[in-house]
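K.L.:
You'll find start.tsv just under this line, and it carries TSV, C-alpha atoms.
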```tsv
chain	number	residue	atom	x	y	z
P	2	MET	CA	-31.99	4.09	-11.52
P	3	ILE	CA	-34.72	1.54	-11.22
P	4	ASP	CA	-35.62	-0.22	-8.02
P	5	THR	CA	-33.35	-3.16	-7.14
P	6	THR	CA	-36.30	-5.58	-6.90
P	7	GLU	CA	-37.40	-4.60	-10.41
P	8	LEU	CA	-33.84	-5.04	-11.65
P	9	ILE	CA	-33.71	-8.55	-10.18
P	10	GLU	CA	-37.03	-9.38	-11.86
P	11	SER	CA	-35.79	-8.20	-15.25
P	12	LEU	CA	-32.48	-10.07	-14.89
P	13	ALA	CA	-34.32	-13.25	-13.86
P	14	ALA	CA	-36.55	-12.88	-16.91
P	15	GLU	CA	-33.43	-12.77	-19.08
P	16	ALA	CA	-31.89	-15.91	-17.58
P	17	LYS	CA	-31.21	-17.73	-20.83
P	18	PRO	CA	-29.07	-20.86	-20.68
P	19	THR	CA	-25.41	-19.95	-20.85
P	20	ARG	CA	-22.45	-22.27	-21.31
P	21	PRO	CA	-19.96	-21.93	-18.44
P	22	LEU	CA	-16.43	-21.14	-19.57
P	23	LEU	CA	-13.93	-23.94	-19.78
P	24	ASN	CA	-11.28	-24.15	-17.10
P	25	PRO	CA	-8.73	-21.34	-17.75
P	26	PHE	CA	-5.90	-23.86	-18.10
P	27	ALA	CA	-7.83	-25.72	-20.79
P	28	ARG	CA	-8.47	-22.43	-22.58
P	29	ALA	CA	-4.78	-21.53	-22.33
P	30	ALA	CA	-3.97	-24.92	-23.84
P	31	LEU	CA	-6.40	-24.22	-26.70
P	32	TRP	CA	-4.81	-20.87	-27.39
P	33	LEU	CA	-1.31	-22.34	-27.27
P	34	ALA	CA	-2.39	-25.12	-29.64
P	35	MET	CA	-3.56	-22.47	-32.08
P	36	ALA	CA	-0.28	-20.59	-31.63
P	37	GLY	CA	1.61	-23.82	-32.32
P	38	ALA	CA	-0.47	-24.49	-35.43
P	39	ILE	CA	0.19	-20.98	-36.78
P	40	VAL	CA	3.93	-21.25	-36.18
P	41	ILE	CA	4.09	-24.71	-37.82
P	42	LEU	CA	2.04	-23.58	-40.85
P	43	LEU	CA	4.25	-20.53	-41.25
P	44	GLY	CA	7.30	-22.76	-40.93
P	45	ILE	CA	6.03	-24.99	-43.72
P	46	GLU	CA	5.16	-22.04	-45.94
P	47	HIS	CA	8.18	-19.84	-45.25
P	48	GLY	CA	10.74	-22.38	-44.11
P	49	VAL	CA	12.89	-21.95	-41.03
P	50	ARG	CA	16.03	-19.86	-41.28
P	51	THR	CA	18.85	-21.56	-43.17
P	52	ASP	CA	21.32	-21.48	-40.29
P	53	ILE	CA	18.89	-22.96	-37.76
P	54	SER	CA	21.10	-25.96	-36.95
P	55	VAL	CA	24.07	-23.66	-36.21
P	56	GLN	CA	21.86	-21.37	-34.14
P	57	LEU	CA	20.36	-24.22	-32.14
P	58	GLY	CA	23.91	-25.16	-31.12
P	59	LYS	CA	24.33	-21.77	-29.45
P	60	PRO	CA	23.14	-21.75	-25.82
P	61	SER	CA	22.19	-18.06	-26.04
P	62	PHE	CA	19.85	-18.73	-28.99
P	63	THR	CA	18.18	-21.78	-27.46
P	64	LEU	CA	17.86	-20.03	-24.11
P	65	ALA	CA	16.26	-16.97	-25.71
P	66	ILE	CA	13.85	-19.08	-27.79
P	67	GLY	CA	13.02	-21.26	-24.78
P	68	ALA	CA	12.50	-18.28	-22.50
P	69	SER	CA	10.22	-16.53	-24.99
P	70	LEU	CA	8.19	-19.73	-25.41
P	71	VAL	CA	7.87	-20.18	-21.65
P	72	THR	CA	6.95	-16.49	-21.27
P	73	GLY	CA	4.25	-16.95	-23.91
P	74	ILE	CA	2.83	-20.00	-22.16
P	75	LEU	CA	2.91	-18.48	-18.67
P	76	ALA	CA	1.51	-15.13	-19.80
P	77	ALA	CA	-1.38	-16.89	-21.57
P	78	ILE	CA	-2.16	-18.92	-18.43
P	79	GLY	CA	-1.70	-15.89	-16.18
P	80	CYS	CA	-4.06	-13.57	-18.06
P	81	LEU	CA	-6.76	-16.20	-18.57
P	82	VAL	CA	-6.74	-17.20	-14.88
P	83	ALA	CA	-6.51	-13.64	-13.54
P	84	SER	CA	-9.39	-12.51	-15.76
P	85	LEU	CA	-11.82	-14.53	-13.61
P	86	PRO	CA	-13.45	-12.65	-10.73
P	87	ASP	CA	-12.58	-15.18	-8.03
P	88	ARG	CA	-8.90	-15.63	-8.91
P	89	SER	CA	-6.05	-13.58	-7.55
P	90	ARG	CA	-4.53	-10.82	-9.66
P	91	SER	CA	-1.12	-12.22	-8.66
P	92	TRP	CA	-1.52	-14.71	-11.52
P	93	LEU	CA	-0.49	-11.82	-13.74
P	94	LEU	CA	3.00	-12.03	-12.20
P	95	LEU	CA	3.43	-15.62	-13.42
P	96	PRO	CA	5.39	-14.80	-16.60
P	97	LEU	CA	7.75	-12.32	-14.91
P	98	PRO	CA	10.63	-14.73	-14.08
P	99	SER	CA	10.83	-16.14	-17.60
P	100	LEU	CA	10.38	-12.63	-19.02
P	101	ALA	CA	13.43	-11.56	-17.01
P	102	VAL	CA	15.44	-14.50	-18.40
P	103	TRP	CA	14.27	-13.75	-21.95
P	104	VAL	CA	15.11	-10.04	-21.80
P	105	SER	CA	18.46	-10.62	-20.11
P	106	THR	CA	19.44	-13.37	-22.62
P	107	ILE	CA	18.76	-11.10	-25.56
P	108	SER	CA	20.48	-8.16	-23.94
P	109	TYR	CA	23.49	-10.27	-22.92
P	110	GLY	CA	23.69	-11.74	-26.42
P	111	CYS	CA	23.65	-8.28	-27.89
P	112	LEU	CA	26.45	-7.13	-25.61
P	113	THR	CA	28.75	-10.09	-26.29
P	114	ASP	CA	28.01	-10.21	-30.03
P	115	TRP	CA	28.52	-6.50	-30.41
P	116	VAL	CA	31.91	-6.96	-32.04
P	117	SER	CA	30.44	-9.28	-34.64
P	118	PHE	CA	27.82	-6.72	-35.64
P	119	GLN	CA	27.46	-6.97	-39.41
P	120	SER	CA	25.77	-4.03	-40.97
P	121	GLY	CA	23.61	-4.89	-43.92
P	122	SER	CA	23.23	-8.52	-42.93
P	123	MET	CA	19.49	-8.10	-43.31
P	124	GLN	CA	18.34	-7.76	-46.90
P	125	PRO	CA	15.67	-5.14	-47.66
P	126	GLY	CA	13.21	-7.84	-48.74
P	127	GLU	CA	13.76	-9.62	-45.45
P	128	ALA	CA	12.34	-6.71	-43.50
P	129	TRP	CA	8.99	-7.02	-45.29
P	130	SER	CA	9.04	-10.76	-44.78
P	131	CYS	CA	9.68	-10.15	-41.06
P	132	LEU	CA	6.75	-7.75	-40.92
P	133	ALA	CA	4.54	-10.33	-42.65
P	134	THR	CA	5.54	-12.98	-40.09
P	135	LEU	CA	4.90	-10.52	-37.29
P	136	LEU	CA	1.39	-9.74	-38.50
P	137	LEU	CA	0.51	-13.31	-39.47
P	138	VAL	CA	1.37	-14.54	-35.99
P	139	SER	CA	0.29	-11.65	-33.79
P	140	LEU	CA	-3.04	-10.71	-35.37
P	141	PRO	CA	-4.86	-14.07	-35.18
P	142	LEU	CA	-3.40	-14.79	-31.75
P	143	SER	CA	-4.49	-11.37	-30.45
P	144	ALA	CA	-7.94	-11.83	-31.94
P	145	MET	CA	-8.39	-15.23	-30.35
P	146	MET	CA	-7.12	-14.01	-26.99
P	147	PHE	CA	-9.50	-11.04	-27.01
P	148	VAL	CA	-12.43	-13.32	-27.79
P	149	MET	CA	-11.37	-15.59	-24.91
P	150	LEU	CA	-11.11	-12.59	-22.57
P	151	ARG	CA	-14.30	-10.80	-23.63
P	152	HIS	CA	-15.97	-11.33	-20.25
P	153	ALA	CA	-13.11	-9.40	-18.62
P	154	ALA	CA	-14.37	-6.21	-20.27
P	155	ARG	CA	-16.51	-5.62	-17.18
P	156	LEU	CA	-13.71	-6.32	-14.69
P	157	ARG	CA	-10.95	-3.68	-14.98
P	158	PRO	CA	-9.10	-5.40	-17.82
P	159	THR	CA	-6.04	-3.22	-18.54
P	160	LEU	CA	-3.43	-5.35	-16.76
P	161	VAL	CA	-5.07	-8.52	-18.07
P	162	THR	CA	-4.89	-7.30	-21.68
P	163	MET	CA	-1.29	-6.18	-21.20
P	164	THR	CA	-0.38	-9.68	-20.05
P	165	ALA	CA	-2.31	-11.09	-23.00
P	166	GLY	CA	-0.20	-8.79	-25.18
P	167	LEU	CA	2.91	-10.23	-23.57
P	168	ALA	CA	1.78	-13.75	-24.46
P	169	VAL	CA	1.22	-12.74	-28.09
P	170	ALA	CA	4.50	-10.82	-28.19
P	171	ALA	CA	6.54	-13.71	-26.80
P	172	ILE	CA	5.14	-16.21	-29.32
P	173	THR	CA	5.58	-13.71	-32.18
P	174	SER	CA	9.15	-13.06	-31.15
P	175	MET	CA	9.86	-16.79	-31.05
P	176	ALA	CA	8.48	-17.17	-34.58
P	177	LEU	CA	10.60	-14.25	-35.80
P	178	SER	CA	13.75	-15.80	-34.34
P	179	LEU	CA	12.96	-19.19	-35.91
P	180	PHE	CA	12.18	-17.94	-39.41
P	181	HIS	CA	14.39	-14.93	-39.97
P	182	PRO	CA	18.18	-14.62	-39.84
P	183	LEU	CA	18.44	-11.70	-37.48
P	184	ASP	CA	22.18	-11.54	-37.12
P	185	ALA	CA	22.65	-7.86	-36.58
P	186	THR	CA	22.44	-7.34	-32.85
P	187	MET	CA	20.38	-4.17	-33.09
P	188	MET	CA	17.91	-6.04	-35.27
P	189	ILE	CA	17.52	-8.74	-32.65
P	190	LEU	CA	16.96	-6.18	-29.97
P	191	MET	CA	14.54	-4.12	-32.02
P	192	LEU	CA	12.56	-6.98	-33.43
P	193	ASN	CA	12.35	-8.96	-30.24
P	194	LEU	CA	11.98	-6.45	-27.47
P	195	GLY	CA	10.74	-3.56	-29.63
P	196	THR	CA	7.97	-5.66	-31.11
P	197	ALA	CA	7.15	-7.15	-27.73
P	198	ALA	CA	6.93	-3.72	-26.09
P	199	MET	CA	4.82	-2.43	-28.98
P	200	ILE	CA	2.33	-5.31	-28.83
P	201	VAL	CA	2.06	-5.09	-25.04
P	202	ALA	CA	1.52	-1.33	-25.23
P	203	ILE	CA	-1.10	-1.54	-27.98
P	204	GLU	CA	-3.05	-4.32	-26.32
P	205	GLY	CA	-2.82	-2.60	-22.95
P	206	ALA	CA	-4.05	0.71	-24.33
P	207	ALA	CA	-6.74	-0.52	-26.70
P	208	GLY	CA	-7.61	-3.67	-24.77
P	209	ARG	CA	-10.62	-2.40	-22.88
P	210	THR	CA	-12.22	-0.86	-25.97
P	211	ILE	CA	-11.67	-4.01	-28.02
P	212	LEU	CA	-13.01	-6.27	-25.25
P	213	VAL	CA	-16.12	-4.12	-24.79
P	214	TYR	CA	-16.68	-4.19	-28.57
P	215	ILE	CA	-16.28	-7.97	-28.79
P	216	ALA	CA	-18.49	-8.49	-25.73
P	217	ARG	CA	-21.21	-6.37	-27.32
P	218	LEU	CA	-20.80	-8.15	-30.66
P	219	THR	CA	-21.17	-11.58	-29.11
P	220	GLY	CA	-23.98	-10.39	-26.86
P	221	SER	CA	-22.28	-11.52	-23.67
Q	9	MET	CA	-29.00	-11.15	13.66
Q	10	LEU	CA	-31.24	-10.24	10.75
Q	11	THR	CA	-33.52	-7.23	10.88
Q	12	ALA	CA	-37.20	-7.61	10.13
Q	13	ARG	CA	-36.66	-6.14	6.68
Q	14	GLU	CA	-33.98	-8.70	5.84
Q	15	ARG	CA	-35.74	-11.70	7.33
Q	16	PRO	CA	-35.66	-14.41	4.66
Q	17	THR	CA	-38.80	-15.11	2.77
Q	18	PRO	CA	-39.34	-18.55	1.32
Q	19	LEU	CA	-38.48	-17.11	-2.10
Q	20	ARG	CA	-35.12	-15.82	-1.03
Q	21	ALA	CA	-32.03	-18.03	-0.77
Q	22	SER	CA	-30.36	-16.63	2.32
Q	23	ASP	CA	-28.11	-19.63	2.90
Q	24	PRO	CA	-24.75	-19.10	1.14
Q	25	ASN	CA	-24.34	-22.88	0.82
Q	26	GLU	CA	-27.32	-22.88	-1.49
Q	27	TRP	CA	-25.98	-20.10	-3.75
Q	28	SER	CA	-23.61	-22.28	-5.70
Q	29	THR	CA	-26.33	-24.79	-6.67
Q	30	LEU	CA	-28.70	-21.98	-7.59
Q	31	MET	CA	-26.06	-20.33	-9.78
Q	32	VAL	CA	-25.43	-23.56	-11.66
Q	33	ARG	CA	-29.18	-23.90	-12.22
Q	34	ALA	CA	-29.33	-20.26	-13.33
Q	35	GLN	CA	-26.58	-20.95	-15.87
Q	36	SER	CA	-28.77	-23.65	-17.35
Q	37	GLY	CA	-31.60	-21.12	-17.78
Q	38	ASP	CA	-33.66	-21.63	-14.58
Q	39	GLY	CA	-35.16	-18.16	-14.05
Q	40	ALA	CA	-36.78	-19.01	-10.70
Q	41	ALA	CA	-33.49	-20.25	-9.25
Q	42	TYR	CA	-31.77	-17.13	-10.58
Q	43	ARG	CA	-34.37	-14.87	-8.95
Q	44	ARG	CA	-34.01	-16.66	-5.60
Q	45	LEU	CA	-30.24	-16.35	-5.85
Q	46	LEU	CA	-30.25	-12.63	-6.73
Q	47	GLN	CA	-32.73	-11.88	-3.95
Q	48	GLY	CA	-30.68	-13.94	-1.53
Q	49	ILE	CA	-27.37	-12.24	-2.29
Q	50	THR	CA	-28.74	-8.69	-2.29
Q	51	PRO	CA	-28.52	-8.18	1.53
Q	52	TYR	CA	-24.95	-9.50	1.43
Q	53	LEU	CA	-24.11	-7.09	-1.41
Q	54	ARG	CA	-25.78	-4.23	0.47
Q	55	ALA	CA	-23.56	-4.98	3.45
Q	56	ILE	CA	-20.45	-4.84	1.22
Q	57	ALA	CA	-21.60	-1.68	-0.56
Q	58	SER	CA	-22.61	0.21	2.56
Q	59	ARG	CA	-19.21	-0.47	4.13
Q	60	ALA	CA	-17.66	1.45	1.20
Q	61	HIS	CA	-20.28	4.16	0.63
Q	62	ARG	CA	-21.83	6.30	3.32
Q	63	ASN	CA	-24.52	7.62	1.01
Q	64	PRO	CA	-27.32	4.99	0.86
Q	65	SER	CA	-28.19	5.85	-2.74
Q	66	ASP	CA	-24.54	5.31	-3.79
Q	67	ALA	CA	-24.58	1.98	-1.97
Q	68	GLU	CA	-27.79	0.92	-3.73
Q	69	ASP	CA	-26.37	1.98	-7.12
Q	70	THR	CA	-23.32	-0.15	-6.39
Q	71	VAL	CA	-25.53	-3.13	-5.50
Q	72	GLN	CA	-27.29	-2.75	-8.86
Q	73	ASP	CA	-23.94	-2.42	-10.68
Q	74	ILE	CA	-22.79	-5.64	-9.05
Q	75	LEU	CA	-26.00	-7.45	-10.04
Q	76	LEU	CA	-25.67	-6.24	-13.64
Q	77	THR	CA	-22.02	-7.30	-13.81
Q	78	LEU	CA	-22.85	-10.68	-12.29
Q	79	HIS	CA	-25.45	-11.12	-15.03
Q	80	ALA	CA	-22.99	-10.11	-17.76
Q	81	VAL	CA	-20.22	-12.45	-16.60
Q	82	ARG	CA	-22.34	-15.33	-15.25
Q	83	GLN	CA	-20.68	-17.76	-17.64
Q	84	THR	CA	-17.37	-17.25	-15.78
Q	85	TYR	CA	-18.68	-19.03	-12.70
Q	86	ASP	CA	-17.27	-22.52	-12.34
Q	87	GLY	CA	-19.77	-24.74	-10.51
Q	88	THR	CA	-17.00	-26.78	-8.91
Q	89	ARG	CA	-15.68	-23.73	-7.06
Q	90	PRO	CA	-17.24	-21.82	-4.14
Q	91	PHE	CA	-19.69	-19.09	-5.14
Q	92	LYS	CA	-19.03	-16.48	-2.47
Q	93	PRO	CA	-15.41	-15.60	-3.46
Q	94	TRP	CA	-16.56	-15.28	-7.08
Q	95	LEU	CA	-19.35	-12.90	-6.05
Q	96	ALA	CA	-17.04	-11.00	-3.71
Q	97	GLY	CA	-14.52	-10.59	-6.56
Q	98	ILE	CA	-17.15	-8.97	-8.78
Q	99	ALA	CA	-18.43	-6.83	-5.90
Q	100	GLN	CA	-14.94	-5.58	-5.14
Q	101	HIS	CA	-14.43	-4.45	-8.75
Q	102	ARG	CA	-17.65	-2.47	-8.76
Q	103	VAL	CA	-17.09	-0.91	-5.33
Q	104	VAL	CA	-13.60	0.23	-6.33
Q	105	ASP	CA	-14.87	1.52	-9.68
Q	106	ARG	CA	-17.50	3.67	-8.03
Q	107	LEU	CA	-15.07	4.98	-5.41
Q	108	ARG	CA	-12.65	5.93	-8.18
Q	109	ALA	CA	-15.37	7.62	-10.19
Q	110	GLN	CA	-16.45	9.56	-7.10
Q	111	GLY	CA	-12.84	10.55	-6.48
Q	112	ARG	CA	-12.55	11.83	-10.05
Q	113	ILE	CA	-15.78	13.80	-9.78
Q	114	ALA	CA	-14.90	15.20	-6.34
Q	115	ALA	CA	-11.52	16.39	-7.61
Q	116	LYS	CA	-13.26	18.62	-10.17
Q	117	GLU	CA	-15.99	19.91	-7.90
Q	118	VAL	CA	-16.06	22.81	-5.43
Q	119	VAL	CA	-18.56	22.85	-2.61
Q	120	LEU	CA	-20.90	25.77	-3.28
Q	121	GLU	CA	-21.77	28.07	-0.44
Q	122	PHE	CA	-23.75	31.30	-0.63
Q	123	GLU	CA	-20.58	33.39	-0.84
Q	124	HIS	CA	-19.31	31.34	-3.77
Q	125	GLU	CA	-22.59	31.74	-5.53
Q	126	THR	CA	-22.47	35.52	-5.14
Q	127	PHE	CA	-18.87	35.85	-6.19
Q	128	ALA	CA	-19.22	33.49	-9.11
Q	129	ALA	CA	-22.06	35.46	-10.75
Q	130	PRO	CA	-20.52	37.84	-13.34
Q	131	ASP	CA	-22.96	40.66	-12.53
Q	132	ALA	CA	-21.86	40.70	-8.94
Q	133	ASN	CA	-18.27	41.33	-9.89
Q	134	VAL	CA	-17.75	44.86	-11.12
Q	135	ASP	CA	-14.03	44.51	-11.50
Q	136	MET	CA	-14.05	41.11	-13.13
Q	137	GLY	CA	-13.12	42.32	-16.59
Q	138	LEU	CA	-10.11	44.44	-15.78
Q	139	ASP	CA	-7.95	44.44	-12.74
Q	140	VAL	CA	-5.94	47.38	-11.53
Q	141	HIS	CA	-2.60	45.94	-12.62
Q	142	THR	CA	-3.73	45.34	-16.17
Q	143	MET	CA	-5.21	48.80	-16.33
Q	144	ARG	CA	-2.00	50.41	-15.03
Q	145	ALA	CA	0.07	48.41	-17.51
Q	146	GLY	CA	-2.24	49.59	-20.28
Q	147	LEU	CA	-1.93	53.21	-19.18
Q	148	ARG	CA	1.85	52.96	-19.17
Q	149	GLY	CA	1.64	52.05	-22.83
Q	150	LEU	CA	-0.06	55.36	-23.76
Q	151	PRO	CA	1.69	58.60	-24.88
Q	152	ASP	CA	2.19	61.09	-22.04
Q	153	GLY	CA	-0.65	63.48	-22.94
Q	154	GLN	CA	-3.22	60.76	-23.36
Q	155	ARG	CA	-2.13	59.03	-20.14
Q	156	ARG	CA	-2.43	62.22	-18.15
Q	157	ALA	CA	-5.85	63.05	-19.63
Q	158	VAL	CA	-7.25	59.57	-18.98
Q	159	THR	CA	-5.81	59.45	-15.46
Q	160	LEU	CA	-7.22	62.80	-14.46
Q	161	LEU	CA	-10.61	62.55	-16.12
Q	162	LYS	CA	-11.42	58.88	-15.86
Q	163	MET	CA	-9.37	57.48	-12.98
Q	164	GLU	CA	-9.52	60.47	-10.65
Q	165	GLU	CA	-12.89	61.56	-12.02
Q	166	MET	CA	-12.03	65.25	-12.28
Q	167	SER	CA	-14.11	67.66	-14.30
Q	168	LEU	CA	-12.65	69.03	-17.55
Q	169	LYS	CA	-12.03	72.37	-15.87
Q	170	GLN	CA	-10.21	70.89	-12.91
Q	171	ALA	CA	-8.15	68.67	-15.14
Q	172	SER	CA	-7.27	71.60	-17.34
Q	173	GLU	CA	-6.05	73.54	-14.30
Q	174	VAL	CA	-4.01	70.66	-12.95
Q	175	SER	CA	-2.45	69.60	-16.20
Q	176	GLY	CA	-2.17	72.93	-17.95
Q	177	MET	CA	-3.73	71.38	-21.05
Q	178	SER	CA	-6.62	73.11	-22.85
Q	179	VAL	CA	-10.12	71.67	-22.48
Q	180	ALA	CA	-10.23	70.84	-26.20
Q	181	SER	CA	-6.90	69.01	-26.12
Q	182	LEU	CA	-7.97	67.16	-22.96
Q	183	LYS	CA	-11.11	65.99	-24.76
Q	184	VAL	CA	-9.15	64.82	-27.80
Q	185	SER	CA	-6.45	63.15	-25.71
Q	186	THR	CA	-9.01	61.35	-23.54
Q	187	HIS	CA	-10.90	60.16	-26.60
Q	188	ARG	CA	-7.73	58.87	-28.24
Q	189	GLY	CA	-6.41	57.46	-24.97
Q	190	ILE	CA	-9.60	55.48	-24.30
Q	191	LYS	CA	-9.55	54.21	-27.88
Q	192	ALA	CA	-5.92	53.14	-27.56
Q	193	LEU	CA	-6.64	51.49	-24.19
Q	194	ARG	CA	-9.58	49.59	-25.68
Q	195	ARG	CA	-7.27	48.37	-28.41
Q	196	LEU	CA	-4.53	47.43	-25.94
Q	197	LEU	CA	-6.86	45.65	-23.52
Q	198	GLY	CA	-9.44	44.74	-26.12
Q	199	HIS	CA	-9.54	41.05	-25.33
Q	200	GLN	CA	-10.21	41.71	-21.65
Q	201	GLY	CA	-12.22	44.89	-21.82
Q	202	ASP	CA	-14.95	43.58	-24.12
Q	203	GLY	CA	-18.37	43.58	-22.59
Q	204	THR	CA	-17.41	45.45	-19.44
```
Produce structure tokens that represent the structure in this file.
P.N.:
Amino acid sequence: MIDTTELIESLAAEAKPTRPLLNPFARAALWLAMAGAIVILLGIEHGVRTDISVQLGKPSFTLAIGASLVTGILAAIGCLVASLPDRSRSWLLLPLPSLAVWVSTISYGCLTDWVSFQSGSMQPGEAWSCLATLLLVSLPLSAMMFVMLRHAARLRPTLVTMTAGLAVAAITSMALSLFHPLDATMMILMLNLGTAAMIVAIEGAAGRTILVYIARLTGS
Amino acid sequence: MLTARERPTPLRASDPNEWSTLMVRAQSGDGAAYRRLLQGITPYLRAIASRAHRNPSDAEDTVQDILLTLHAVRQTYDGTRPFKPWLAGIAQHRVVDRLRAQGRIAAKEVVLEFEHETFAAPDANVDMGLDVHTMRAGLRGLPDGQRRAVTLLKMEEMSLKQASEVSGMSVASLKVSTHRGIKALRRLLGHQGDGT
């Protein structure tokens, strides 16, 4: 290793102007605006599910949608704030209460609707359409979140990227519920919680590598 | 109380209240302000690092890690917030990282003493290739005649004549049995006996 004084000299020589990051809340708002735009565009292109008015009358549906939206918002805020060196890691706990409500609403709905389980209520074509929605929502949102979190690559980012994954998963799940008639209870459970768990796991596991790659790419 | 070595020079910003202003200027590309800041925070970082690491060279490596990280994430500093907690946050990450890395390395290392060195060298260990139990198990797998011949001639190191008297086998048959027995043993213990 070189001498610390020499290191300081070389760092000082590299002191190019750098734009300080926006406030984390403002960045969360930007990300959520993009999420909103994606969901609205998809809604225009795909159309919301045909029985949306009936579904919105059901408290379990509105509660689940609301809880996933709130989880998405809080997880986005939590990971962006906690990724900064001077903020507490406890910000990562911010989405936990709404996550608990979201998971318990879906699980409770599945239990009570069990008797009305209709096999084959999901057409084969619908599954592909669901997958398309999933990718169209989660990929750009993940990409934008990783770009926003690229500085966290140097600061033990696993929990931060997992929470970022939760934000993406919650918004994706909300879009799935709005656009696709997921009546079969197992489908709801699989597509909501399964997808959420998958996204969180992938972003948690690959997060550091992706962040390091993006940080290197953008030279920051 | 500062030691003579740490006594501030005019170029070094030793006052933490000044750090925030200097960092903001550094973010706008002021190299001189950045140098003053980095020189000013180094004693503070050394104090943090040497609390965690007893080895001075580990502590100095940690200080350099912290400086490099600070440089990489300098855009995350918000000029409206205090500088010291931001710096301490970065420092804590690097200190913990190095402690973890040391823990991982230490878990895989054994402290070498002279005895270890002697025992670890293959040449110093005559019985490294085969142990007694493996050898006995191998012998048990041989036919009676071969086992007896190998035991008497090779294990108990008798002469052919002595072995012939003890076993009642002829010298020629002892020779053949030993030859076959050794061959069979090599085959049985081949993977362990190679090179010994």
K.L.:
Skipping near chain neighbours, those fewer than 5 positions away, what residues fall within 6 Å of region 96-110 of chain P using all atoms listed in the file, listed as a ChimeraX atom specification?
P.N.:
/P:65,68-69,72,75-76
K.L.:
CA of Ser22 (chain Q) to CA of Arg44 (chain Q): how many Å, to one decimal?
P.N.:
8.7 Å
K.L.:
If the cut-off is 10 Å, can you tell me the residues of chain Q near chain P, counting all atoms listed in the file? I'd like them as a PyMOL selection string.
P.N.:
chain Q and resi 32-47+50+65+68-69+71-72+75-87+89-102+104-105
K.L.:
Which value, in Å to one decimal, gives the distance between CA of Val71 (chain P) and CA of Arg209 (chain P)?
P.N.:
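That distance, rounded to one decimal, is 25.7 Å.
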K.L.:
Quick one: what's the axis-aligned box for region 91-105 of chain P, all listed atoms, 4 Å on every side, centre and edges in Å to one decimal, as AutoDock Vina command-line options?
P.N.:
```
--center_x 8.5 --center_y -13.1 --center_z -15.3 --size_x 28.0 --size_y 14.1 --size_z 21.3
```
K.L.:
Which value, in Å to one decimal, gives the distance between CA of Ile200 (chain P) and CA of Ala38 (chain P)?
P.N.:
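Here the two named atoms are 20.5 Å from each other.
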K.L.:
Give me the residues near Leu167 (chain P) as a count of residues only, where near means some atom within 9 Å (using only C-alpha atoms) and where sequence neighbours in that chain fewer than 4 positions away do not count.
P.N.:
14
K.L.:
Applying 9 Å and all atoms listed in the file, which residues near region 188-196 of chain Q remain after dropping the ones on its own chain fewer than 4 positions away? List them as a ChimeraX atom specification.
P.N.:
/Q:143,146-147,149-151,153-155,157-158,183-184,200-202
K.L.:
Which residues are near Met149 (chain P)? Cut-off 8 Å, only C-alpha atoms, ignore same chain within fewer than 4 positions. Put them as a PyMOL selection string.
P.N.:
chain P and resi 28+81+145
K.L.:
Compare P:Ser139, P:Ser61, P:Thr164, P:Ser130 by their minimum atom-to-atom distance to Phe180 (chain P), counting all atoms listed in the file, and give me the closest one.
P.N.:
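Between P:Ser139, P:Ser61, P:Thr164, P:Ser130, the residue approaching Phe180 (chain P) most closely is P:Ser130.
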K.L.:
Quick test: take region 184-193 of chain Q, keep N, CA and C atoms, and write it as a PDB file, in the first residue's frame.
P.N.:
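Below you can see decode27.pdb, which holds the result:
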```pdb
ATOM      1  N   VAL Q 184       7.152 -66.695  -3.558  1.00  0.00           N
ATOM      2  CA  VAL Q 184       6.024 -66.467  -4.482  1.00  0.00           C
ATOM      3  C   VAL Q 184       4.870 -65.784  -3.747  1.00  0.00           C
ATOM      4  N   SER Q 185       4.571 -66.333  -2.542  1.00  0.00           N
ATOM      5  CA  SER Q 185       3.437 -65.779  -1.784  1.00  0.00           C
ATOM      6  C   SER Q 185       3.686 -64.329  -1.416  1.00  0.00           C
ATOM      7  N   THR Q 186       4.946 -64.021  -0.995  1.00  0.00           N
ATOM      8  CA  THR Q 186       5.241 -62.637  -0.622  1.00  0.00           C
ATOM      9  C   THR Q 186       5.078 -61.733  -1.834  1.00  0.00           C
ATOM     10  N   HIS Q 187       5.634 -62.188  -2.972  1.00  0.00           N
ATOM     11  CA  HIS Q 187       5.552 -61.384  -4.180  1.00  0.00           C
ATOM     12  C   HIS Q 187       4.092 -61.092  -4.545  1.00  0.00           C
ATOM     13  N   ARG Q 188       3.286 -62.155  -4.517  1.00  0.00           N
ATOM     14  CA  ARG Q 188       1.867 -61.978  -4.869  1.00  0.00           C
ATOM     15  C   ARG Q 188       1.126 -61.132  -3.832  1.00  0.00           C
ATOM     16  N   GLY Q 189       1.501 -61.423  -2.538  1.00  0.00           N
ATOM     17  CA  GLY Q 189       0.844 -60.672  -1.452  1.00  0.00           C
ATOM     18  C   GLY Q 189       1.110 -59.176  -1.561  1.00  0.00           C
ATOM     19  N   ILE Q 190       2.372 -58.819  -1.817  1.00  0.00           N
ATOM     20  CA  ILE Q 190       2.744 -57.396  -1.918  1.00  0.00           C
ATOM     21  C   ILE Q 190       1.996 -56.762  -3.101  1.00  0.00           C
ATOM     22  N   LYS Q 191       1.935 -57.537  -4.201  1.00  0.00           N
ATOM     23  CA  LYS Q 191       1.254 -57.027  -5.390  1.00  0.00           C
ATOM     24  C   LYS Q 191      -0.226 -56.767  -5.087  1.00  0.00           C
ATOM     25  N   ALA Q 192      -0.829 -57.760  -4.384  1.00  0.00           N
ATOM     26  CA  ALA Q 192      -2.256 -57.624  -4.052  1.00  0.00           C
ATOM     27  C   ALA Q 192      -2.467 -56.444  -3.101  1.00  0.00           C
ATOM     28  N   LEU Q 193      -1.533 -56.301  -2.133  1.00  0.00           N
ATOM     29  CA  LEU Q 193      -1.639 -55.188  -1.178  1.00  0.00           C
ATOM     30  C   LEU Q 193      -1.540 -53.841  -1.905  1.00  0.00           C
TER      31      LEU Q 193
END
```
